[in-house]
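Asks: Handing over structure_13.pdb, PDB, C-alpha atoms.
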```pdb
ATOM      1  CA  MET A 935      41.819  30.374  -9.882
ATOM      2  CA  ILE A 936      38.688  30.650 -11.974
ATOM      3  CA  GLY A 937      36.522  27.652 -12.574
ATOM      4  CA  THR A 938      37.778  25.239  -9.999
ATOM      5  CA  GLY A 939      34.902  24.729  -7.646
ATOM      6  CA  LYS A 940      36.322  22.936  -4.681
ATOM      7  CA  ILE A 941      34.106  21.384  -2.040
ATOM      8  CA  LYS A 942      35.199  22.555   1.382
ATOM      9  CA  GLN A 943      36.836  19.655   3.120
ATOM     10  CA  TYR A 944      36.019  19.333   6.784
ATOM     11  CA  ALA A 945      38.749  18.030   9.053
ATOM     12  CA  ASN A 946      36.250  16.561  11.454
ATOM     13  CA  VAL A 947      33.118  14.836  10.155
ATOM     14  CA  LEU A 948      31.157  16.344  13.048
ATOM     15  CA  ASP A 949      31.765  19.814  11.649
ATOM     16  CA  LYS A 950      29.977  19.041   8.395
ATOM     17  CA  PRO A 951      26.654  20.841   8.197
ATOM     18  CA  LEU A 952      23.518  18.723   8.375
ATOM     19  CA  GLY A 953      22.235  18.793   4.818
ATOM     20  CA  LYS A 954      18.616  18.934   3.817
ATOM     21  CA  GLY A 955      18.914  15.454   2.417
ATOM     22  CA  LYS A 956      16.983  13.950  -0.476
ATOM     23  CA  GLN A 957      13.459  15.285  -0.431
ATOM     24  CA  GLU A 958      11.862  12.333  -2.164
ATOM     25  CA  VAL A 959      12.102   8.588  -1.792
ATOM     26  CA  SER A 960      10.502   6.044  -4.114
ATOM     27  CA  LEU A 961       7.098   4.981  -2.779
ATOM     28  CA  SER A 962       7.520   1.483  -4.164
ATOM     29  CA  ALA A 963      10.844   1.065  -2.376
ATOM     30  CA  PHE A 964       9.266   2.140   0.909
ATOM     31  CA  ALA A 965       6.215  -0.071   0.336
ATOM     32  CA  PHE A 966       8.375  -3.159  -0.189
ATOM     33  CA  LEU A 967      10.544  -2.349   2.825
ATOM     34  CA  PHE A 968       7.504  -1.806   5.043
ATOM     35  CA  SER A 969       5.891  -4.986   3.751
ATOM     36  CA  GLU A 970       9.035  -6.902   4.687
ATOM     37  CA  LEU A 971       9.059  -5.272   8.137
ATOM     38  CA  VAL A 972       5.503  -6.487   8.753
ATOM     39  CA  GLN A 973       6.249  -9.960   7.413
ATOM     40  CA  TYR A 974       9.395 -10.296   9.538
ATOM     41  CA  ASN A 975       7.539  -9.287  12.673
ATOM     42  CA  GLN A 976       4.734 -11.701  11.891
ATOM     43  CA  THR A 977       7.170 -14.590  12.101
ATOM     44  CA  GLN A 978       8.383 -13.455  15.525
ATOM     45  CA  VAL A 979       5.072 -13.123  17.344
ATOM     46  CA  ASP A 980       2.183 -15.350  18.362
ATOM     47  CA  ASN A 981      -0.763 -12.985  18.187
ATOM     48  CA  ILE A 982      -2.002  -9.775  16.662
ATOM     49  CA  SER A 983      -1.595  -7.436  19.625
ATOM     50  CA  GLU A 984       2.062  -8.401  19.912
ATOM     51  CA  LEU A 985       2.484  -7.619  16.217
ATOM     52  CA  GLU A 986       0.933  -4.199  16.741
ATOM     53  CA  THR A 987       3.244  -3.593  19.713
ATOM     54  CA  ARG A 988       6.279  -4.476  17.616
ATOM     55  CA  LEU A 989       5.259  -2.136  14.815
ATOM     56  CA  GLU A 990       4.653   0.585  17.380
ATOM     57  CA  ASP A 991       8.120   0.095  18.839
ATOM     58  CA  ALA A 992       9.660   0.347  15.391
ATOM     59  CA  GLY A 993       7.744   3.590  14.844
ATOM     60  CA  TYR A 994       8.798   4.915  18.271
ATOM     61  CA  ALA A 995      12.445   4.775  17.247
ATOM     62  CA  VAL A 996      11.633   6.723  14.079
ATOM     63  CA  GLY A 997       9.634   9.309  16.016
ATOM     64  CA  ALA A 998      12.405  10.019  18.498
ATOM     65  CA  ARG A 999      14.899  10.697  15.720
ATOM     66  CA  VAL A1000      12.489  12.707  13.590
ATOM     67  CA  LEU A1001      11.789  15.020  16.522
ATOM     68  CA  GLU A1002      15.489  15.783  17.013
ATOM     69  CA  LEU A1003      16.068  16.316  13.324
ATOM     70  CA  LEU A1004      13.077  18.567  12.759
ATOM     71  CA  CYS A1005      13.706  20.646  15.869
ATOM     72  CA  HIS A1006      17.167  21.364  14.587
ATOM     73  CA  ARG A1007      16.294  21.790  10.920
ATOM     74  CA  ASP A1008      12.924  23.466  10.819
ATOM     75  CA  LYS A1009      12.318  25.086  14.145
ATOM     76  CA  GLY A1010      15.722  26.533  14.956
ATOM     77  CA  ASN A1011      16.146  24.490  18.141
ATOM     78  CA  ARG A1012      13.055  25.888  19.818
ATOM     79  CA  ARG A1013      11.084  23.596  22.094
ATOM     80  CA  GLU A1014       7.321  23.278  22.224
ATOM     81  CA  THR A1015       5.899  23.526  25.722
ATOM     82  CA  ARG A1016       2.169  23.824  25.019
ATOM     83  CA  LEU A1017      -0.170  20.997  24.107
ATOM     84  CA  LEU A1018      -1.676  22.631  21.036
ATOM     85  CA  GLY A1019       1.781  23.644  19.893
ATOM     86  CA  ILE A1020       3.154  20.119  19.872
ATOM     87  CA  LEU A1021      -0.029  18.746  18.322
ATOM     88  CA  SER A1022       0.049  21.167  15.442
ATOM     89  CA  PHE A1023       3.767  20.427  15.045
ATOM     90  CA  VAL A1024       2.951  16.735  14.627
ATOM     91  CA  HIS A1025      -0.059  17.413  12.433
ATOM     92  CA  SER A1026       1.722  19.745   9.992
ATOM     93  CA  THR A1027       5.513  19.618  10.130
ATOM     94  CA  VAL A1028       6.066  15.956  10.941
ATOM     95  CA  TRP A1029       3.396  14.788   8.505
ATOM     96  CA  LYS A1030       4.726  17.062   5.774
ATOM     97  CA  VAL A1031       8.267  15.749   6.141
ATOM     98  CA  LEU A1032       7.308  12.084   6.402
ATOM     99  CA  PHE A1033       4.325  11.801   4.060
ATOM    100  CA  GLY A1034       4.598  14.840   1.810
ATOM    101  CA  LYS A1035       1.381  16.502   2.952
ATOM    102  CA  VAL A1036      -0.220  17.741   6.177
ATOM    103  CA  ALA A1037      -2.648  15.401   7.926
ATOM    104  CA  ASP A1038      -6.307  15.671   6.921
ATOM    105  CA  SER A1039      -7.613  16.871  10.260
ATOM    106  CA  LEU A1040      -6.832  17.361  13.931
ATOM    107  CA  GLU A1041      -9.752  17.118  16.355
ATOM    108  CA  LYS A1042     -10.278  17.236  20.065
ATOM    109  CA  GLY A1043     -12.138  14.298  21.548
ATOM    110  CA  THR A1044     -15.646  15.080  22.739
ATOM    111  CA  GLU A1045     -15.921  12.382  25.366
ATOM    112  CA  HIS A1046     -12.656  12.820  27.260
ATOM    113  CA  GLU A1047     -10.560  15.872  27.972
ATOM    114  CA  ASP A1048      -7.284  14.118  27.294
ATOM    115  CA  GLU A1049      -8.071  12.689  23.862
ATOM    116  CA  TYR A1050      -7.114  14.133  20.501
ATOM    117  CA  MET A1051      -7.471  12.614  17.047
ATOM    118  CA  ILE A1052      -5.531  12.995  13.827
ATOM    119  CA  SER A1053      -7.546  11.706  10.872
ATOM    120  CA  GLU A1054      -6.421  10.675   7.455
ATOM    121  CA  LYS A1055      -8.431   9.293   4.532
ATOM    122  CA  GLU A1056      -5.752   6.681   3.961
ATOM    123  CA  LEU A1057      -2.348   6.452   5.597
ATOM    124  CA  LEU A1058       0.549   6.320   3.175
ATOM    125  CA  VAL A1059       1.888   3.180   4.795
ATOM    126  CA  ASN A1060      -1.439   1.426   4.206
ATOM    127  CA  ARG A1061      -1.754   2.401   0.560
ATOM    128  CA  PHE A1062      -1.074  -1.040  -0.872
ATOM    129  CA  ILE A1063      -2.069  -3.181   2.092
ATOM    130  CA  SER A1064      -5.316  -5.161   2.297
ATOM    131  CA  ILE A1065      -5.872  -6.674   5.725
ATOM    132  CA  PRO A1066      -7.297 -10.217   5.515
ATOM    133  CA  LYS A1067     -10.680 -10.724   7.187
ATOM    134  CA  ASP A1068      -9.338 -13.089   9.831
ATOM    135  CA  MET A1069      -7.010 -10.460  11.271
ATOM    136  CA  GLY A1070      -9.891  -8.479  12.684
ATOM    137  CA  THR A1071      -8.961  -5.073  13.962
ATOM    138  CA  PHE A1072      -5.284  -5.179  13.130
ATOM    139  CA  HIS A1073      -3.981  -1.897  11.688
ATOM    140  CA  CYS A1074      -0.594  -1.427  10.037
ATOM    141  CA  GLY A1075      -0.976   2.217  11.017
ATOM    142  CA  ALA A1076       0.359   1.087  14.400
ATOM    143  CA  PHE A1077       3.702   2.040  12.872
ATOM    144  CA  VAL A1078       2.556   5.627  12.388
ATOM    145  CA  ALA A1079       1.008   5.620  15.862
ATOM    146  CA  GLY A1080       4.438   4.631  17.145
ATOM    147  CA  ILE A1081       6.049   7.535  15.297
ATOM    148  CA  VAL A1082       3.604   9.993  16.876
ATOM    149  CA  LYS A1083       4.189   8.423  20.282
ATOM    150  CA  GLY A1084       7.959   8.746  19.830
ATOM    151  CA  VAL A1085       7.668  12.414  18.934
ATOM    152  CA  LEU A1086       5.289  13.226  21.786
ATOM    153  CA  GLU A1087       7.077  11.319  24.520
ATOM    154  CA  ASN A1088      10.484  12.688  23.656
ATOM    155  CA  ALA A1089       9.078  16.198  23.583
ATOM    156  CA  GLY A1090       7.862  15.769  27.147
ATOM    157  CA  PHE A1091       4.200  14.900  26.498
ATOM    158  CA  PRO A1092       3.754  11.237  27.446
ATOM    159  CA  ALA A1093       0.757   9.683  25.707
ATOM    160  CA  VAL A1094      -0.842   6.447  24.595
ATOM    161  CA  VAL A1095      -1.301   6.480  20.824
ATOM    162  CA  THR A1096      -3.292   3.992  18.794
ATOM    163  CA  ALA A1097      -4.541   3.683  15.214
ATOM    164  CA  HIS A1098      -8.142   2.785  14.351
ATOM    165  CA  PHE A1099     -10.310   2.272  11.325
ATOM    166  CA  VAL A1100     -13.439   4.392  11.351
ATOM    167  CA  PRO A1101     -16.093   3.310   8.850
ATOM    168  CA  VAL A1102     -17.544   6.144   6.811
ATOM    169  CA  GLU A1103     -20.919   5.805   5.197
ATOM    170  CA  GLY A1104     -20.896   6.240   1.458
ATOM    171  CA  GLN A1105     -17.309   5.085   1.134
ATOM    172  CA  GLN A1106     -16.057   1.581   0.717
ATOM    173  CA  ARG A1107     -12.809   2.061   2.586
ATOM    174  CA  PRO A1108     -12.843   3.262   6.197
ATOM    175  CA  ARG A1109     -10.965   6.362   7.343
ATOM    176  CA  THR A1110      -7.971   6.020   9.643
ATOM    177  CA  THR A1111      -7.815   7.830  12.979
ATOM    178  CA  ILE A1112      -4.771   8.122  15.201
ATOM    179  CA  LEU A1113      -6.068   8.453  18.746
ATOM    180  CA  ILE A1114      -3.801  10.269  21.193
ATOM    181  CA  LYS A1115      -4.535   9.966  24.897
ATOM    182  CA  PHE A1116      -2.297  12.170  27.016
ATOM    183  CA  ALA A1117      -1.104  11.211  30.478
ATOM    184  CA  GLU A1118      -2.431  12.907  33.625
ATOM    185  CA  GLU A1119       0.698  14.967  34.216
ATOM    186  CA  VAL A1120       0.456  16.594  30.815
ATOM    187  CA  LEU A1121      -3.042  17.880  31.497
ATOM    188  CA  ARG A1122      -2.105  19.088  34.961
ATOM    189  CA  ARG A1123       0.892  20.943  33.593
ATOM    190  CA  GLU A1124      -1.213  22.440  30.830
ATOM    191  CA  ALA A1125      -3.788  23.636  33.349
ATOM    192  CA  ARG A1126      -1.039  25.174  35.468
ATOM    193  CA  LEU A1127       0.402  27.031  32.519
ATOM    194  CA  GLY A1128      -2.993  28.609  31.947
TER
ATOM    195  CA  MET B 416     -20.563  -4.947 -27.770
ATOM    196  CA  ALA B 417     -16.976  -6.027 -27.320
ATOM    197  CA  ALA B 418     -16.843  -7.623 -23.922
ATOM    198  CA  ILE B 419     -14.535  -9.491 -21.619
ATOM    199  CA  TYR B 420     -15.772 -12.907 -20.565
ATOM    200  CA  SER B 421     -13.216 -13.811 -17.942
ATOM    201  CA  LEU B 422      -9.796 -13.081 -16.470
ATOM    202  CA  TYR B 423      -7.303 -15.672 -15.224
ATOM    203  CA  ILE B 424      -3.994 -15.223 -13.446
ATOM    204  CA  ILE B 425      -1.709 -18.248 -13.141
ATOM    205  CA  ASN B 426       1.521 -18.494 -11.161
ATOM    206  CA  LYS B 427       4.786 -19.734 -12.581
ATOM    207  CA  LEU B 428       4.005 -23.319 -11.569
ATOM    208  CA  GLY B 429       0.752 -23.318 -13.519
ATOM    209  CA  GLY B 430      -1.642 -23.058 -10.577
ATOM    210  CA  LEU B 431      -4.612 -20.726 -10.801
ATOM    211  CA  ILE B 432      -4.281 -17.844  -8.352
ATOM    212  CA  PHE B 433      -7.043 -15.588  -9.570
ATOM    213  CA  TYR B 434     -10.184 -16.101 -11.616
ATOM    214  CA  LYS B 435     -12.953 -13.625 -12.296
ATOM    215  CA  ASP B 436     -15.724 -13.848 -14.801
ATOM    216  CA  TYR B 437     -17.707 -10.987 -16.234
ATOM    217  CA  GLY B 438     -20.874 -11.365 -18.233
ATOM    218  CA  SER B 439     -23.066 -14.312 -18.885
ATOM    219  CA  LYS B 440     -20.984 -16.298 -21.348
ATOM    220  CA  GLY B 441     -18.110 -18.546 -20.456
ATOM    221  CA  ARG B 442     -18.937 -18.950 -16.773
ATOM    222  CA  MET B 443     -17.102 -21.787 -15.107
ATOM    223  CA  ASP B 444     -17.177 -23.459 -11.767
ATOM    224  CA  THR B 445     -14.014 -23.785  -9.669
ATOM    225  CA  ASN B 446     -12.891 -27.151 -10.988
ATOM    226  CA  ASP B 447     -13.296 -26.181 -14.618
ATOM    227  CA  SER B 448     -11.408 -22.931 -14.156
ATOM    228  CA  LEU B 449      -8.530 -24.827 -12.498
ATOM    229  CA  ARG B 450      -8.463 -27.234 -15.418
ATOM    230  CA  VAL B 451      -8.438 -24.456 -18.009
ATOM    231  CA  ALA B 452      -5.605 -22.749 -16.153
ATOM    232  CA  SER B 453      -3.327 -25.785 -16.058
ATOM    233  CA  LEU B 454      -4.273 -26.631 -19.657
ATOM    234  CA  TRP B 455      -3.271 -23.183 -20.807
ATOM    235  CA  HIS B 456      -0.051 -23.309 -18.799
ATOM    236  CA  SER B 457       0.971 -26.536 -20.556
ATOM    237  CA  MET B 458      -0.035 -25.286 -23.996
ATOM    238  CA  HIS B 459       1.900 -22.095 -23.467
ATOM    239  CA  ALA B 460       5.012 -24.051 -22.515
ATOM    240  CA  ILE B 461       4.668 -26.484 -25.431
ATOM    241  CA  SER B 462       4.214 -23.632 -27.899
ATOM    242  CA  GLN B 463       7.554 -22.200 -26.837
ATOM    243  CA  GLN B 464       9.237 -25.466 -27.863
ATOM    244  CA  LEU B 465       7.259 -25.920 -31.081
ATOM    245  CA  SER B 466       8.009 -22.481 -32.435
ATOM    246  CA  PRO B 467      10.151 -22.479 -35.626
ATOM    247  CA  ILE B 468      11.796 -19.230 -34.483
ATOM    248  CA  ASN B 469      14.313 -19.201 -31.670
ATOM    249  CA  GLY B 470      13.526 -17.246 -28.563
ATOM    250  CA  CYS B 471       9.789 -17.530 -28.766
ATOM    251  CA  SER B 472       8.082 -16.423 -25.578
ATOM    252  CA  GLY B 473       4.837 -18.355 -25.995
ATOM    253  CA  ILE B 474       1.335 -17.784 -27.308
ATOM    254  CA  GLU B 475       0.085 -14.218 -27.102
ATOM    255  CA  LEU B 476      -3.193 -14.492 -28.962
ATOM    256  CA  LEU B 477      -5.536 -17.367 -29.654
ATOM    257  CA  GLU B 478      -8.387 -16.635 -32.068
ATOM    258  CA  ALA B 479     -11.360 -18.951 -32.259
ATOM    259  CA  ASP B 480     -14.862 -18.762 -33.719
ATOM    260  CA  THR B 481     -16.636 -17.623 -30.602
ATOM    261  CA  PHE B 482     -13.865 -16.058 -28.498
ATOM    262  CA  ASP B 483     -10.367 -14.574 -28.421
ATOM    263  CA  LEU B 484      -7.793 -15.341 -25.764
ATOM    264  CA  HIS B 485      -5.080 -12.753 -25.087
ATOM    265  CA  CYS B 486      -2.173 -13.786 -22.881
ATOM    266  CA  PHE B 487       0.578 -11.764 -21.232
ATOM    267  CA  GLN B 488       3.519 -13.412 -19.520
ATOM    268  CA  SER B 489       5.607 -11.372 -17.116
ATOM    269  CA  LEU B 490       9.387 -11.792 -16.779
ATOM    270  CA  THR B 491       8.830 -13.949 -13.705
ATOM    271  CA  GLY B 492       6.569 -16.462 -15.447
ATOM    272  CA  THR B 493       3.251 -15.239 -14.050
ATOM    273  CA  LYS B 494       0.654 -15.355 -16.828
ATOM    274  CA  PHE B 495      -2.319 -13.058 -17.180
ATOM    275  CA  PHE B 496      -4.885 -14.088 -19.735
ATOM    276  CA  VAL B 497      -8.274 -12.809 -20.676
ATOM    277  CA  VAL B 498     -11.019 -14.565 -22.632
ATOM    278  CA  CYS B 499     -13.053 -12.072 -24.607
ATOM    279  CA  GLU B 500     -15.424 -11.625 -27.519
ATOM    280  CA  THR B 501     -13.917 -11.944 -30.987
ATOM    281  CA  GLY B 502     -12.424  -8.736 -32.264
ATOM    282  CA  THR B 503     -12.069  -6.950 -28.918
ATOM    283  CA  GLN B 504      -9.495  -4.183 -29.141
ATOM    284  CA  HIS B 505      -6.837  -2.990 -26.677
ATOM    285  CA  MET B 506      -6.625  -6.166 -24.632
ATOM    286  CA  GLU B 507      -2.822  -5.969 -24.544
ATOM    287  CA  ALA B 508      -2.995  -2.582 -22.880
ATOM    288  CA  LEU B 509      -5.573  -3.862 -20.416
ATOM    289  CA  LEU B 510      -3.365  -6.824 -19.499
ATOM    290  CA  LYS B 511      -0.454  -4.472 -18.854
ATOM    291  CA  VAL B 512      -2.676  -2.358 -16.586
ATOM    292  CA  ILE B 513      -3.758  -5.472 -14.690
ATOM    293  CA  TYR B 514      -0.111  -6.469 -14.312
ATOM    294  CA  GLU B 515       0.623  -3.074 -12.800
ATOM    295  CA  LEU B 516      -2.274  -3.469 -10.360
ATOM    296  CA  TYR B 517      -0.925  -6.908  -9.444
ATOM    297  CA  THR B 518       2.540  -5.524  -8.676
ATOM    298  CA  ASP B 519       1.058  -2.722  -6.601
ATOM    299  CA  TYR B 520      -1.770  -4.241  -4.591
ATOM    300  CA  VAL B 521      -0.761  -7.886  -4.401
ATOM    301  CA  LEU B 522       3.032  -7.925  -4.243
ATOM    302  CA  LYS B 523       3.301  -5.001  -1.833
ATOM    303  CA  ASN B 524       0.765  -6.568   0.513
ATOM    304  CA  PRO B 525       2.605  -8.148   3.477
ATOM    305  CA  PHE B 526      -0.249 -10.616   4.004
ATOM    306  CA  TYR B 527       0.000 -12.154   0.547
ATOM    307  CA  GLU B 528       2.005 -15.362   0.256
ATOM    308  CA  MET B 529       3.759 -15.816  -3.042
ATOM    309  CA  GLU B 530       2.155 -18.247  -5.530
ATOM    310  CA  MET B 531      -1.001 -18.527  -3.372
ATOM    311  CA  PRO B 532      -4.529 -17.514  -4.448
ATOM    312  CA  ILE B 533      -5.024 -13.772  -4.412
ATOM    313  CA  ARG B 534      -7.323 -12.508  -1.648
ATOM    314  CA  CYS B 535      -6.619  -8.788  -1.609
ATOM    315  CA  GLU B 536      -9.497  -6.360  -1.274
ATOM    316  CA  LEU B 537      -7.632  -3.429  -2.809
ATOM    317  CA  PHE B 538      -6.687  -5.518  -5.841
ATOM    318  CA  ASP B 539     -10.348  -6.453  -6.414
ATOM    319  CA  ILE B 540     -11.552  -2.863  -6.071
ATOM    320  CA  ASN B 541      -8.961  -1.451  -8.458
ATOM    321  CA  LEU B 542      -9.395  -4.302 -10.920
ATOM    322  CA  THR B 543     -13.136  -3.647 -11.139
ATOM    323  CA  GLN B 544     -12.432   0.040 -11.753
ATOM    324  CA  ALA B 545      -9.923  -0.768 -14.488
ATOM    325  CA  ILE B 546     -12.296  -3.152 -16.273
ATOM    326  CA  GLN B 547     -15.126  -0.641 -16.084
ATOM    327  CA  LYS B 548     -12.911   2.083 -17.459
ATOM    328  CA  ASN B 549     -11.875  -0.209 -20.285
ATOM    329  CA  ARG B 550     -15.501  -1.052 -21.029
ATOM    330  CA  LEU B 551     -16.410   2.612 -21.104
ATOM    331  CA  LEU B 552     -13.516   3.458 -23.408
ATOM    332  CA  SER B 553     -14.335   0.674 -25.834
ATOM    333  CA  SER B 554     -18.013   1.600 -26.015
ATOM    334  CA  LEU B 555     -17.050   5.228 -26.605
ATOM    335  CA  ASN B 556     -14.717   4.119 -29.376
ATOM    336  CA  GLN B 557     -17.526   2.159 -30.952
ATOM    337  CA  LEU B 558     -19.805   5.177 -30.988
ATOM    338  CA  CYS B 559     -17.271   7.291 -32.886
TER
END
```
Mind turning the file's structure into structure tokens?

Replies:
Amino acid sequence: MIGTGKIKQYANVLDKPLGKGKQEVSLSAFAFLFSELVQYNQTQVDNISELETRLEDAGYAVGARVLELLCHRDKGNRRETRLLGILSFVHSTVWKVLFGKVADSLEKGTEHEDEYMISEKELLVNRFISIPKDMGTFHCGAFVAGIVKGVLENAGFPAVVTAHFVPVEGQQRPRTTILIKFAEEVLRREARLG
Amino acid sequence: MAAIYSLYIINKLGGLIFYKDYGSKGRMDTNDSLRVASLWHSMHAISQQLSPINGCSGIELLEADTFDLHCFQSLTGTKFFVVCETGTQHMEALLKVIYELYTDYVLKNPFYEMEMPIRCELFDINLTQAIQKNRLLSSLNQLC
């Protein structure tokens, strides 16, 4: 029969292929949703570090799921075992899928062996947010730090991830740096692998 | 040169949430600016009732000897008005741009409480850029 395009019906919903999904989401919609997430958490906590922890936990859940999805979709179910491999995965693939572009830079810390930094001029989640002066060092990028932590920990590279503002001379707004500090076992394993 | 004297933003209850003055004329201290804001809010509301045509949405332009006042009211009742030199062009467009900046940098900020005074750094930075751009455009137009 010519002309009747019929969508293949799957008997079991688990047999349906995982689609690519919508590539783009409205930035305004995300901004409002994220703003509400921050406001909701503010009502539940007593101080700033608890608020950062809550945002990080929310991001952790996202990171765990993103890792599974991207491993299946983009990397053909291959697993990263090397430190630089997983870092460049986070820096390029994860950033590209979540924020539409690769991160600005990936650097190795000079002071400590186990520290790496992903820098960004301005995180997408922070685009419309102005932190009031009385909140001090609070950073809504804790959400993104949580995402990175979720990806790293579920890939087998436990780490402590935090977001910081780094003032840059000549620019009014500071840069954002995500600081990744890997656990001892990761470095030992990396040394063993050569 | 066509110049803006000051910008006011008032919430739907008539309270002043943002005031900025540019230039040397029309400077006001806090109390006076609050008074002007509530005065304008009332006048705007009264004008809607006085209008001979049904469905009037309030005063959009007030022309006086020494200044013009352009007002823009959003669908939610927030009013943006600018006091400028007589004969300044393109104020409507500028007010729309400021409204867009408000929706972006104030309403999407989780630390902003609705109907409270605006204290958002990003809003200030982008507002200054928009006003400067407008000033540049109008002076370029004058040269042509």

Asks: Let me know the residues the ChimeraX specification (/A :<12) & /B catches in the file above, as a PyMOL selection string.

Replies: chain B and resi 515-528+533-541

Asks: In file coordinates, which residues lie within 10 Å of (-10.6, -3.0, -17.1) using all atoms listed in the file, given as a PyMOL selection string?

Replies: chain B and resi 419+506+508-510+512-513+541-552

Asks: Just say which residues the PyMOL selection byres ((chain A and resi 1082-1089) around 7) picks in this file, as a PyMOL selection string.

Replies: chain A and resi 994-995+997-998+1001+1078-1081+1090-1095

Asks: In file coordinates, which residues lie within 9 Å of (-8.5, 11.6, 4.4) using all atoms listed in the file, given as an mmCIF file with C-alpha atoms, in the frame of the given file?

Replies:
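Result saved to point00.cif:
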```cif
data_model
loop_
_atom_site.group_PDB
_atom_site.id
_atom_site.type_symbol
_atom_site.label_atom_id
_atom_site.label_comp_id
_atom_site.auth_asym_id
_atom_site.auth_seq_id
_atom_site.Cartn_x
_atom_site.Cartn_y
_atom_site.Cartn_z
ATOM 1 C CA ALA A 1037 -2.648 15.401 7.926
ATOM 2 C CA ASP A 1038 -6.307 15.671 6.921
ATOM 3 C CA SER A 1039 -7.613 16.871 10.260
ATOM 4 C CA SER A 1053 -7.546 11.706 10.872
ATOM 5 C CA GLU A 1054 -6.421 10.675 7.455
ATOM 6 C CA LYS A 1055 -8.431 9.293 4.532
ATOM 7 C CA GLU A 1056 -5.752 6.681 3.961
ATOM 8 C CA LEU A 1057 -2.348 6.452 5.597
ATOM 9 C CA ARG A 1109 -10.965 6.362 7.343
ATOM 10 C CA THR A 1110 -7.971 6.020 9.643
#
```

Asks: May I ask for the distance between CA of Tyr514 in chain B and CA of Met458 in chain B, given in Å to one decimal place?

Replies: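 One can read the CA of Tyr514 in chain B to CA of Met458 in chain B distance as 21.2 Å.
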
Asks: Check what the PyMOL selection byres ((chain B and resi 431) around 9) selects in the file above and give those residues as a PDB file with C-alpha atoms, keeping the file's coordinate frame.

Replies:
```pdb
ATOM      1  CA  TYR B 423      -7.303 -15.672 -15.224  1.00  0.00           C
ATOM      2  CA  ILE B 424      -3.994 -15.223 -13.446  1.00  0.00           C
ATOM      3  CA  ILE B 425      -1.709 -18.248 -13.141  1.00  0.00           C
ATOM      4  CA  ASN B 426       1.521 -18.494 -11.161  1.00  0.00           C
ATOM      5  CA  GLY B 429       0.752 -23.318 -13.519  1.00  0.00           C
ATOM      6  CA  GLY B 430      -1.642 -23.058 -10.577  1.00  0.00           C
ATOM      7  CA  ILE B 432      -4.281 -17.844  -8.352  1.00  0.00           C
ATOM      8  CA  PHE B 433      -7.043 -15.588  -9.570  1.00  0.00           C
ATOM      9  CA  TYR B 434     -10.184 -16.101 -11.616  1.00  0.00           C
ATOM     10  CA  SER B 448     -11.408 -22.931 -14.156  1.00  0.00           C
ATOM     11  CA  LEU B 449      -8.530 -24.827 -12.498  1.00  0.00           C
ATOM     12  CA  ARG B 450      -8.463 -27.234 -15.418  1.00  0.00           C
ATOM     13  CA  VAL B 451      -8.438 -24.456 -18.009  1.00  0.00           C
ATOM     14  CA  ALA B 452      -5.605 -22.749 -16.153  1.00  0.00           C
ATOM     15  CA  SER B 453      -3.327 -25.785 -16.058  1.00  0.00           C
ATOM     16  CA  GLU B 530       2.155 -18.247  -5.530  1.00  0.00           C
ATOM     17  CA  MET B 531      -1.001 -18.527  -3.372  1.00  0.00           C
ATOM     18  CA  PRO B 532      -4.529 -17.514  -4.448  1.00  0.00           C
TER      19      PRO B 532
END
```

Asks: List the neighbours of Phe487 in chain B out to 7 Å using all atoms listed in the file; skip same-chain residues closer than 3 positions along the sequence, and give me the result as a list in words.

Replies: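 Near Phe487 in chain B, the qualifying residues are Glu475, Lys494, Phe495, Phe496 and Leu510 of chain B.
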
Asks: Rank nothing, just name the residue among A:Glu1041, A:Arg1126, A:Glu1103, A:Cys1005 nearest to Phe1023 in chain A, using all atoms listed in the file.

Replies: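 Among the listed residues, the smallest separation from Phe1023 in chain A belongs to A:Cys1005.
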
Asks: Tell me which protein, DNA and RNA residues are within 8 Å of Leu476 in chain B, counting all atoms listed in the file, leaving out same-chain ones fewer than 3 positions away, and put them as number ranges by chain.

Replies: B: 483-486

Asks: Might I get the box with edges along x, y and z of the file that holds all atoms of range 547-551 of chain B listed there, padded by 4 Å on every side, given as centre and edge lengths in Å to one decimal, as AutoDock Vina command-line options?

Replies:
```
--center_x -14.1 --center_y 0.8 --center_z -18.6 --size_x 12.5 --size_y 11.7 --size_z 13.0
```

Asks: Could you tell me how far CA of Ala1076 in chain A lies from CA of Ile1114 in chain A, in Å and to one decimal?

Replies: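 The value is 12.2 Å.
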